[in-house]
Amino acid sequence: MARGVGLEGAALTGHLLLYPGGVTPERRPSRTDRHCAHPPGAGHGPILLLHGLFDNRAVFTVLRHRLHLDGRDHLHALNYSPFCLDVPRAAVLLGRHVERLRRVYDGEPVTIIGHSLGGLIARYYVQCLGGDAAVRSVVTLGTPHHGTETARLLHPLPIVRQLRPDSAVLTVLNGPAPDCRTPFLCFWGDLDPLIVPVRNAQLRHPDLQAENVLIRNAGHLSLPVHRDVVARIREWLDEPQGACETGGMTSTQIA
């Protein structure tokens, strides 16, 4: 446990240093991105990174660098403000960005990696707005798929109220989704202080295909920089991702 607390503290310190550099939004993707470095396909398709609450794209600095070293150059990030959006509207914004990427990459499906709230927005997009037709797979890191009790502490913000376990948004997400074809890879840490209870970061839904990976001694901010998380994401990106004909959940653990 002490090791996990130390890792979370180091991740927090590093993120605070990097945070200012992620405040400004990225430029919009263009055809230049489509033809730079490695061509898309064969594991090099477009990847969209979506941060969590009160955060920005800087949270993915380490993950982005390590994926770039693997030759995955088609990495893009979307910033959004929690003060003017709720989950459904944020999902609409995400959908517009996904379609913009697909136009740049000649219709290729997009992989979304979402941290915390970003993962829930991605799930709403593919599950409720038809985004599964455009999204190859979704990776979530510390996402409150079944809500978190800590959301009751910041009641005034609509997007935070939607993270309560009994919210209307989560009721919709827990409803039937027989047509969703997008597979999920969901990481959760047993030392995550923001997801209460921590098991709520698992995706448990009879109609969705999800692999839940427990990272031992990991907290909320350490998940995007954890070497085992990065290694599993690399493997996932190389795996063929077909449509989900039936739901199914698997659980694994990384010590």
# chains A, B, ... in the order shown; residues from 1 in each chain; ligands from 1
call {"tool": "select_by_dssp", "arguments": {"residues": "stretch 61-117 of chain A", "states": "helix (DSSP H, G or I)", "output": "ChimeraX atom specification"}}
result
/A:61-69,87-104,117
call {"tool": "residues_around", "arguments": {"residues": "A:Ile215", "least_positions_apart": "3", "cutoff": "6 Å", "atoms": "only C-alpha atoms", "output": "VMD selection string"}}
result
chain A and resid 189 218 254
call {"tool": "write_last_selection", "arguments": {"atoms": "N, CA and C atoms", "output": "compact mmCIF listing (two decimals), in the first residue's frame"}}
result
# COMPACT_ATOMS: atom_id res chain seq x y z
N GLY A 189 -8.17 0.96 -10.07
CA GLY A 189 -7.16 0.79 -9.03
C GLY A 189 -7.80 0.60 -7.67
N ALA A 218 -2.78 0.97 -7.11
CA ALA A 218 -2.87 2.12 -8.02
C ALA A 218 -4.03 3.00 -7.61
N ILE A 254 -3.59 -7.21 -12.18
CA ILE A 254 -2.16 -7.01 -12.33
C ILE A 254 -1.61 -6.56 -10.98
call {"tool": "residues_around", "arguments": {"residues": "A:Ala210", "least_positions_apart": "4", "cutoff": "8 Å", "atoms": "only C-alpha atoms", "output": "list in words"}}
result
Pro183, Phe184, Leu185, Cys186, Leu203, Arg204, Gly247, Gly248, Met249 and Thr250 of chain A
call {"tool": "residues_around", "arguments": {"residues": "A:Leu63", "least_positions_apart": "2", "cutoff": "12 Å", "atoms": "only C-alpha atoms", "output": "ChimeraX atom specification"}}
result
/A:47,49,57-61,65-70,72,75,77,113-115,141,221-234
call {"tool": "write_last_selection", "arguments": {"atoms": "N, CA and C atoms", "output": "short mmCIF file (atom, residue, chain, number, x, y, z; two decimals), in the first residue's frame"}}
result
data_model
loop_
_atom_site.label_atom_id
_atom_site.label_comp_id
_atom_site.auth_asym_id
_atom_site.auth_seq_id
_atom_site.Cartn_x
_atom_site.Cartn_y
_atom_site.Cartn_z
N ILE A 47 -6.27 7.72 -32.55
CA ILE A 47 -6.60 7.54 -31.14
C ILE A 47 -6.98 8.90 -30.58
N LEU A 49 -7.88 11.02 -27.12
CA LEU A 49 -7.70 11.02 -25.67
C LEU A 49 -8.67 12.02 -25.04
N ARG A 57 -5.78 17.78 -21.23
CA ARG A 57 -5.07 16.75 -21.99
C ARG A 57 -3.69 16.42 -21.42
N ALA A 58 -3.17 17.25 -20.50
CA ALA A 58 -1.85 16.99 -19.93
C ALA A 58 -1.79 15.68 -19.15
N VAL A 59 -2.95 15.19 -18.69
CA VAL A 59 -2.97 13.95 -17.92
C VAL A 59 -2.46 12.76 -18.75
N PHE A 60 -2.48 12.91 -20.08
CA PHE A 60 -2.04 11.83 -20.97
C PHE A 60 -0.61 12.01 -21.47
N THR A 61 0.14 12.93 -20.91
CA THR A 61 1.48 13.23 -21.44
C THR A 61 2.37 11.98 -21.48
N HIS A 65 3.43 9.83 -24.84
CA HIS A 65 4.84 9.69 -25.21
C HIS A 65 5.20 8.23 -25.45
N ARG A 66 4.72 7.35 -24.57
CA ARG A 66 5.07 5.94 -24.70
C ARG A 66 4.42 5.30 -25.93
N LEU A 67 3.21 5.72 -26.24
CA LEU A 67 2.58 5.20 -27.46
C LEU A 67 3.28 5.75 -28.70
N HIS A 68 3.72 6.99 -28.61
CA HIS A 68 4.45 7.59 -29.72
C HIS A 68 5.75 6.82 -30.00
N LEU A 69 6.41 6.37 -28.94
CA LEU A 69 7.64 5.59 -29.11
C LEU A 69 7.37 4.28 -29.83
N ASP A 70 6.13 3.79 -29.74
CA ASP A 70 5.74 2.56 -30.44
C ASP A 70 5.39 2.82 -31.90
N ARG A 72 2.94 5.00 -32.80
CA ARG A 72 1.55 5.42 -32.93
C ARG A 72 1.50 6.95 -32.88
N LEU A 75 -2.25 10.48 -32.63
CA LEU A 75 -2.82 10.70 -31.31
C LEU A 75 -3.37 12.11 -31.21
N ALA A 77 -6.12 14.83 -28.79
CA ALA A 77 -6.77 15.02 -27.50
C ALA A 77 -7.82 16.10 -27.60
N ILE A 113 -9.51 6.72 -25.64
CA ILE A 113 -8.97 6.43 -24.31
C ILE A 113 -9.44 7.55 -23.39
N GLY A 114 -10.25 7.20 -22.40
CA GLY A 114 -10.82 8.19 -21.51
C GLY A 114 -10.39 7.98 -20.07
N HIS A 115 -9.98 9.06 -19.42
CA HIS A 115 -9.63 9.01 -18.00
C HIS A 115 -10.81 9.52 -17.19
N LEU A 141 -9.96 4.58 -17.85
CA LEU A 141 -9.01 4.57 -16.75
C LEU A 141 -9.66 5.23 -15.54
N LEU A 221 -4.77 9.04 -10.33
CA LEU A 221 -3.86 9.70 -11.28
C LEU A 221 -2.71 8.80 -11.72
N SER A 222 -2.45 7.75 -10.96
CA SER A 222 -1.35 6.86 -11.35
C SER A 222 -1.73 5.91 -12.48
N LEU A 223 -3.04 5.71 -12.74
CA LEU A 223 -3.44 4.80 -13.81
C LEU A 223 -2.92 5.23 -15.18
N PRO A 224 -3.02 6.51 -15.57
CA PRO A 224 -2.55 6.89 -16.92
C PRO A 224 -1.04 6.80 -17.10
N VAL A 225 -0.29 6.67 -16.00
CA VAL A 225 1.17 6.61 -16.12
C VAL A 225 1.72 5.25 -15.70
N HIS A 226 0.85 4.36 -15.28
CA HIS A 226 1.29 3.05 -14.78
C HIS A 226 1.83 2.20 -15.93
N ARG A 227 3.00 1.63 -15.74
CA ARG A 227 3.64 0.89 -16.82
C ARG A 227 2.84 -0.33 -17.25
N ASP A 228 2.16 -0.99 -16.30
CA ASP A 228 1.35 -2.15 -16.66
C ASP A 228 0.10 -1.75 -17.45
N VAL A 229 -0.44 -0.59 -17.14
CA VAL A 229 -1.58 -0.08 -17.90
C VAL A 229 -1.15 0.22 -19.33
N VAL A 230 -0.02 0.90 -19.46
CA VAL A 230 0.49 1.23 -20.80
C VAL A 230 0.76 -0.03 -21.60
N ALA A 231 1.35 -1.04 -20.95
CA ALA A 231 1.68 -2.29 -21.64
C ALA A 231 0.41 -2.98 -22.14
N ARG A 232 -0.64 -3.01 -21.31
CA ARG A 232 -1.88 -3.67 -21.73
C ARG A 232 -2.57 -2.88 -22.83
N ILE A 233 -2.51 -1.56 -22.78
CA ILE A 233 -3.10 -0.75 -23.84
C ILE A 233 -2.38 -1.02 -25.16
N ARG A 234 -1.06 -1.13 -25.11
CA ARG A 234 -0.31 -1.46 -26.33
C ARG A 234 -0.79 -2.77 -26.93
#
call {"tool": "residues_around", "arguments": {"residues": "A:Ile121", "least_positions_apart": "5", "cutoff": "10 Å", "atoms": "only C-alpha atoms", "output": "PyMOL selection string"}}
result
chain A and resi 50-52+86-95+114-116+126-127+143
call {"tool": "write_last_selection", "arguments": {"atoms": "C-alpha atoms", "output": "PDB file, in the first residue's frame"}}
result
ATOM      1  CA  LEU A  50     -10.391  12.424 -23.360  1.00  0.00           C
ATOM      2  CA  HIS A  51      -9.518  13.756 -19.898  1.00  0.00           C
ATOM      3  CA  GLY A  52     -11.552  13.717 -16.697  1.00  0.00           C
ATOM      4  CA  ASP A  86     -23.428  17.643 -18.864  1.00  0.00           C
ATOM      5  CA  VAL A  87     -22.592  14.077 -19.918  1.00  0.00           C
ATOM      6  CA  PRO A  88     -25.026  13.870 -22.882  1.00  0.00           C
ATOM      7  CA  ARG A  89     -23.920  17.237 -24.292  1.00  0.00           C
ATOM      8  CA  ALA A  90     -20.269  16.376 -23.752  1.00  0.00           C
ATOM      9  CA  ALA A  91     -20.916  13.139 -25.667  1.00  0.00           C
ATOM     10  CA  VAL A  92     -22.368  15.144 -28.569  1.00  0.00           C
ATOM     11  CA  LEU A  93     -19.207  17.295 -28.585  1.00  0.00           C
ATOM     12  CA  LEU A  94     -17.112  14.135 -28.546  1.00  0.00           C
ATOM     13  CA  GLY A  95     -19.106  12.755 -31.472  1.00  0.00           C
ATOM     14  CA  GLY A 114     -10.818   8.195 -21.508  1.00  0.00           C
ATOM     15  CA  HIS A 115      -9.633   9.006 -18.004  1.00  0.00           C
ATOM     16  CA  SER A 116     -12.234   9.189 -15.236  1.00  0.00           C
ATOM     17  CA  VAL A 126     -21.014   4.729 -28.180  1.00  0.00           C
ATOM     18  CA  GLN A 127     -23.878   3.257 -26.153  1.00  0.00           C
ATOM     19  CA  THR A 143     -14.030   5.733 -14.820  1.00  0.00           C
TER      20      THR A 143
END
call {"tool": "atom_distance", "arguments": {"atom1": "atom CA of A:Val198", "atom2": "atom CA of A:Asp132"}}
result
26.6 Å
call {"tool": "select_by_dssp", "arguments": {"residues": "stretch 5-253 of chain A", "states": "strand (DSSP E)", "output": "number ranges by chain"}}
result
A: 47-50, 75-78, 110-115, 135-141, 184-189, 209-215, 248-253
call {"tool": "closest_residue", "arguments": {"among": "A:Leu16, A:Leu117, A:Asp192, A:Pro25", "to": "A:Ile159", "atoms": "only C-alpha atoms"}}
result
A:Leu117
call {"tool": "closest_residue", "arguments": {"among": "A:Arg216, A:His205, A:His145, A:Arg96", "to": "A:Gly175", "atoms": "only C-alpha atoms"}}
result
A:His205
call {"tool": "closest_residue", "arguments": {"among": "A:Arg161, A:Leu78, A:Leu48, A:Thr150", "to": "A:Val23", "atoms": "only C-alpha atoms"}}
result
A:Leu78
call {"tool": "closest_residue", "arguments": {"among": "A:Gly107, A:Tyr124, A:Thr140, A:Leu237", "to": "A:Glu211", "atoms": "only C-alpha atoms"}}
result
A:Thr140
call {"tool": "closest_residue", "arguments": {"among": "A:Pro144, A:Leu53, A:His76, A:Pro193", "to": "A:Ile112", "atoms": "only C-alpha atoms"}}
result
A:His76
call {"tool": "atom_distance", "arguments": {"atom1": "atom CA of A:Gln253", "atom2": "atom CA of A:Val196"}}
result
19.0 Å
call {"tool": "closest_residue", "arguments": {"among": "A:Cys180, A:Cys84, A:Ala168, A:Val62", "to": "A:Ala133", "atoms": "only C-alpha atoms"}}
result
A:Cys180
call {"tool": "atom_distance", "arguments": {"atom1": "atom CA of A:Pro178", "atom2": "atom CA of A:Tyr125"}}
result
14.8 Å
